[in-house]
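Some notes on the structure that comes next.
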Amino acid sequence: MAHTLEASNALHGVMAEFDSGDALVDAARKTMASGFTRVEAYTPIPIEDLNTIIHKKRTVLPKLVLCGGLTGMATGFMLQYWASVIEYPLNIGGRPLASWTTFIVPSYELTILFSALTAAIGMIALSGLPQPYHPVFNVDRFSMASSDKFFLVIESTDPKFSDATSFMDSLGAKGVYDVAE
Amino acid sequence: MADPNIHRPMALQETPVILPGHDFETVTETIAEVPLSKRFPLGWIGIFLVALGLFAVLHMALGYLVLMGIGIFGTNQPVGWAFPIINFVWWIGIGHAGTLISAILMLFKQQWRMSIARFAEAMTIFAVACAAIFPVFHTGRPWLAAYWLFPYPNAMGLWPQFKSPLIWDVFAVSTYATVSVVFWYVGLIPDFATLRDRATSTVKARIYGMVSLGWRGSARHWHRYEVASLILAGLSTPLVLSVHTVVSFDFAVSVIPGWHTTIFPPYFVAGAIYSGFAMVLTLAIPVRRFYRMESLITMRHIDNMAKIMLATGLIVGYGYTMEAFFAWYSGNPHERFMMWNRMTGQYWWSYWTLISINVVMVQLLWLKRVRHNIGLLFVMSLFVNVGMWLERFVIVVTSLANDFVPSSWAHYTPTRWDYMLYAGTFGLFLTAFLLFLRFVPMISIFEVKTLLPQGKIKAEH
């Protein structure tokens, strides 16, 4: 629980630990209301509100997925059109070469394939993963963030960071820790 | 969300999704101790050895097949499609339950899905892997078959026939396999982080740390994660319905009596989900007992799965009825003969066995007493697996063995290599599934936590 500000030049931020999600949501609201801007919360379960409270912006992922899906559909259709009409036309019983109805299934499947890959890879990449090292892991107690404890961090890049430790102490957290860079 | 049981009289209360007495820590502990334990339980080792034995059989069968060619199978004119396609459809169908649980039930916000989704998805992936063996190897020379299956610029300048359902199937199944793996892995990332943080050995912490990609569970991460999961569920839902639809096109687009029917797509999808839930029960019942997961996979789950089996079983029964009705109503002598031949011809036993399982036996599931009798339910789930295999046998073999020209009729008998290849895929499935149980959290840790009272974070204060 002891924390010092001696090494503050090498700090990533200050971290507060909470026992429940409700306490964390409460603390996050207070923190944002007090004018801190570089804040992040870490939780063992998804809490949809937290993103709205802290970051306010929603992710662009759905738009990326739409682009991915359209690319997949175009790829599927053009691949089949090119192969069946331009590169390797086969006249079977006089049926039209560009019978687009038969191209539906592979186009449909590639739409889903490209969308799903965009969703997964986009989610990982937008989150900056894979990222083996992050300063928050320097705090021993942080290993509980994936189990049953909730954490709030005010980062050292925050303009009001000099007030962060005393503010965190006032939140009624279970513990307040310095996060080494 | 309020407990839906609050306003119900005692007698109507359902078993809760999670038994009382759990908190975040006990959920994490119960699920994470299995992959993190140093010990390999004796029962696990025993079954694993059996699985490896069967896996060896798969290698023998495939090795001999590649050496000798497809003459080692019983497949021949007029039954030019037999065990490989039956087993392919059977395994693919089994996979469908996993996607139904993880995607469709997610969109419907069915909370009971969470405890069983992870290993049902694992079942899907391994079932699709087993299924893929058959189309890849049924040609005997898979390295020569690539150019008409996959569109790649080959030295012969040839391209696949995109107007063929078989090519559609390649796209449907390979997309299904890829998306299932992606969906499964995305679901695993936060749980791998939990294992990383709890691992006592450095090696395990490193490995789980790498596969968790450095997940920290920040608000931003979780937000993107939830959006991505919902999108993946929304994409997997039309995907899973399309896969067995396209598989049924392999038959329905042809002109063979008994195959050329418009009811095939919905009837195949229902049958797939029906057999898939049977397989989930076959796996869940022993697994929850062996790993003492009864407080997380409760009777509520078992009961619900039995109900879905009943519902989809009834759709399958409707499919059989319509097949028979339209064969008669069509007035087409070949269609009429096909149905009569199924019921009374050389394979009559397979038709009536499948009817007694899929139409008659499944009615027992109307009774709550049966749905709550674990032993009986386990045996019934095995029977359903057999029944659904026989359904595909009846469709494929009876229609081909006695087709249009009586002079070409014949009797199909599978050879020992047919049986060995099929048994061998069980080896692949069991080996993969046992490794999954041992090294991967078999239940989603973070999702189950959201079901607990302390996981319900109030939206507004």
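Residue names in the structure tokens use chain letters A, B, ... in the order shown, residue numbers from 1 in each chain, and ligand numbers from 1 in the order shown.
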
Give one line per residue of chain A that approaches chain B to at most 6 Å, naming the two atoms of the closest pair and their distance in Å to one decimal, counting only C-alpha atoms; sort by chain then ascending residue number and deliver it as JSON lines.
```
{"residue": "A:Asp22", "atom": "CA", "partner": "B:Ile457", "partner_atom": "CA", "distance": 5.7}
{"residue": "A:Ala41", "atom": "CA", "partner": "B:Ser218", "partner_atom": "CA", "distance": 5.4}
{"residue": "A:Tyr42", "atom": "CA", "partner": "B:Ser218", "partner_atom": "CA", "distance": 4.2}
{"residue": "A:Thr43", "atom": "CA", "partner": "B:Gly217", "partner_atom": "CA", "distance": 5.5}
{"residue": "A:Ile45", "atom": "CA", "partner": "B:Phe446", "partner_atom": "CA", "distance": 5.5}
{"residue": "A:Pro46", "atom": "CA", "partner": "B:Trp222", "partner_atom": "CA", "distance": 5.3}
{"residue": "A:Leu50", "atom": "CA", "partner": "B:Ala219", "partner_atom": "CA", "distance": 5.8}
{"residue": "A:Asn51", "atom": "CA", "partner": "B:Ala219", "partner_atom": "CA", "distance": 5.3}
{"residue": "A:Thr102", "atom": "CA", "partner": "B:Lys163", "partner_atom": "CA", "distance": 5.4}
{"residue": "A:Val105", "atom": "CA", "partner": "B:Trp168", "partner_atom": "CA", "distance": 5.9}
{"residue": "A:Pro106", "atom": "CA", "partner": "B:Trp168", "partner_atom": "CA", "distance": 5.7}
{"residue": "A:Glu109", "atom": "CA", "partner": "B:Ala172", "partner_atom": "CA", "distance": 5.8}
{"residue": "A:Leu113", "atom": "CA", "partner": "B:Thr175", "partner_atom": "CA", "distance": 5.6}
{"residue": "A:Ala116", "atom": "CA", "partner": "B:Leu232", "partner_atom": "CA", "distance": 5.9}
{"residue": "A:Ala119", "atom": "CA", "partner": "B:Ala228", "partner_atom": "CA", "distance": 5.5}
{"residue": "A:Met123", "atom": "CA", "partner": "B:Arg224", "partner_atom": "CA", "distance": 5.8}
{"residue": "A:Ser127", "atom": "CA", "partner": "B:His221", "partner_atom": "CA", "distance": 5.8}
{"residue": "A:Leu129", "atom": "CA", "partner": "B:Leu213", "partner_atom": "CA", "distance": 5.9}
{"residue": "A:Pro130", "atom": "CA", "partner": "B:Leu213", "partner_atom": "CA", "distance": 4.3}
{"residue": "A:Gln131", "atom": "CA", "partner": "B:Gly214", "partner_atom": "CA", "distance": 5.0}
{"residue": "A:Pro132", "atom": "CA", "partner": "B:Gly214", "partner_atom": "CA", "distance": 4.8}
{"residue": "A:Ser143", "atom": "CA", "partner": "B:Asp197", "partner_atom": "CA", "distance": 5.1}
{"residue": "A:Ser146", "atom": "CA", "partner": "B:Thr194", "partner_atom": "CA", "distance": 4.9}
{"residue": "A:Asp148", "atom": "CA", "partner": "B:Phe24", "partner_atom": "CA", "distance": 5.4}
```

Please dump the current selection as a compact mmCIF listing (two decimals), in the first residue's frame; keep C-alpha atoms.
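Here's the written file again-v5.txt:
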```txt
# COMPACT_ATOMS: atom_id res chain seq x y z
CA ASP A 22 -19.89 -0.93 -8.75
CA ALA A 41 -9.92 1.03 -15.99
CA TYR A 42 -9.02 -2.67 -15.85
CA THR A 43 -11.65 -5.27 -15.02
CA ILE A 45 -15.38 -8.85 -16.81
CA PRO A 46 -16.68 -6.52 -19.51
CA LEU A 50 -16.88 2.06 -18.37
CA ASN A 51 -16.01 2.84 -21.95
CA THR A 102 -24.52 -19.63 -59.23
CA VAL A 105 -22.74 -19.01 -52.55
CA PRO A 106 -18.96 -18.47 -52.76
CA GLU A 109 -19.12 -17.22 -47.89
CA LEU A 113 -15.00 -14.88 -44.07
CA ALA A 116 -15.11 -12.25 -39.48
CA ALA A 119 -13.66 -8.26 -36.80
CA MET A 123 -10.27 -5.97 -32.52
CA SER A 127 -6.27 -2.73 -29.01
CA LEU A 129 -2.22 -6.40 -29.21
CA PRO A 130 -0.13 -8.49 -29.14
CA GLN A 131 1.72 -6.41 -26.56
CA PRO A 132 3.74 -8.59 -24.21
CA SER A 143 -2.52 -10.16 -11.42
CA SER A 146 -8.13 -11.08 -14.47
CA ASP A 148 -11.85 -10.69 -9.09
```

* Residue neighbourhood region 74-82 of chain A, 7 Å, only C-alpha atoms, exclusion window fewer than 2 positions, as a PyMOL selection string -> (chain A and resi 70-72+84-87+98+103+106-107+110) or (chain B and resi 162)

Go ahead and write the selection's residues with C-alpha atoms as a CSV table (one decimal), in the first residue's frame.
```csv
chain,number,residue,atom,x,y,z
A,70,LEU,CA,-17.8,-5.7,-49.0
A,71,THR,CA,-14.3,-6.5,-50.1
A,72,GLY,CA,-15.0,-10.2,-49.5
A,84,SER,CA,-15.5,-18.6,-65.5
A,85,VAL,CA,-16.0,-15.8,-68.1
A,86,ILE,CA,-12.6,-14.4,-69.0
A,87,GLU,CA,-9.8,-16.8,-68.2
A,98,ALA,CA,-21.8,-15.2,-66.4
A,103,PHE,CA,-21.8,-17.2,-58.0
A,106,PRO,CA,-19.0,-18.5,-52.8
A,107,SER,CA,-19.5,-14.7,-52.7
A,110,LEU,CA,-16.2,-14.9,-48.7
B,162,PHE,CA,-18.0,-22.5,-59.9
```

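Taking CA of Pro406 (chain B) as the reference point, CA of Gly387 (chain B) is found at 28.6 Å.
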
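Atom pair CA of Lys57 (chain A) / CA of Leu105 (chain B) has a distance of 28.3 Å (rounded to one decimal).
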
* Any idea what's packed within 7 Å of Ser115 (chain A), counting only C-alpha atoms, ignoring anything in its chain fewer than 5 positions away? Could you give it as a PyMOL selection string? -> chain A and resi 65-66+68-69
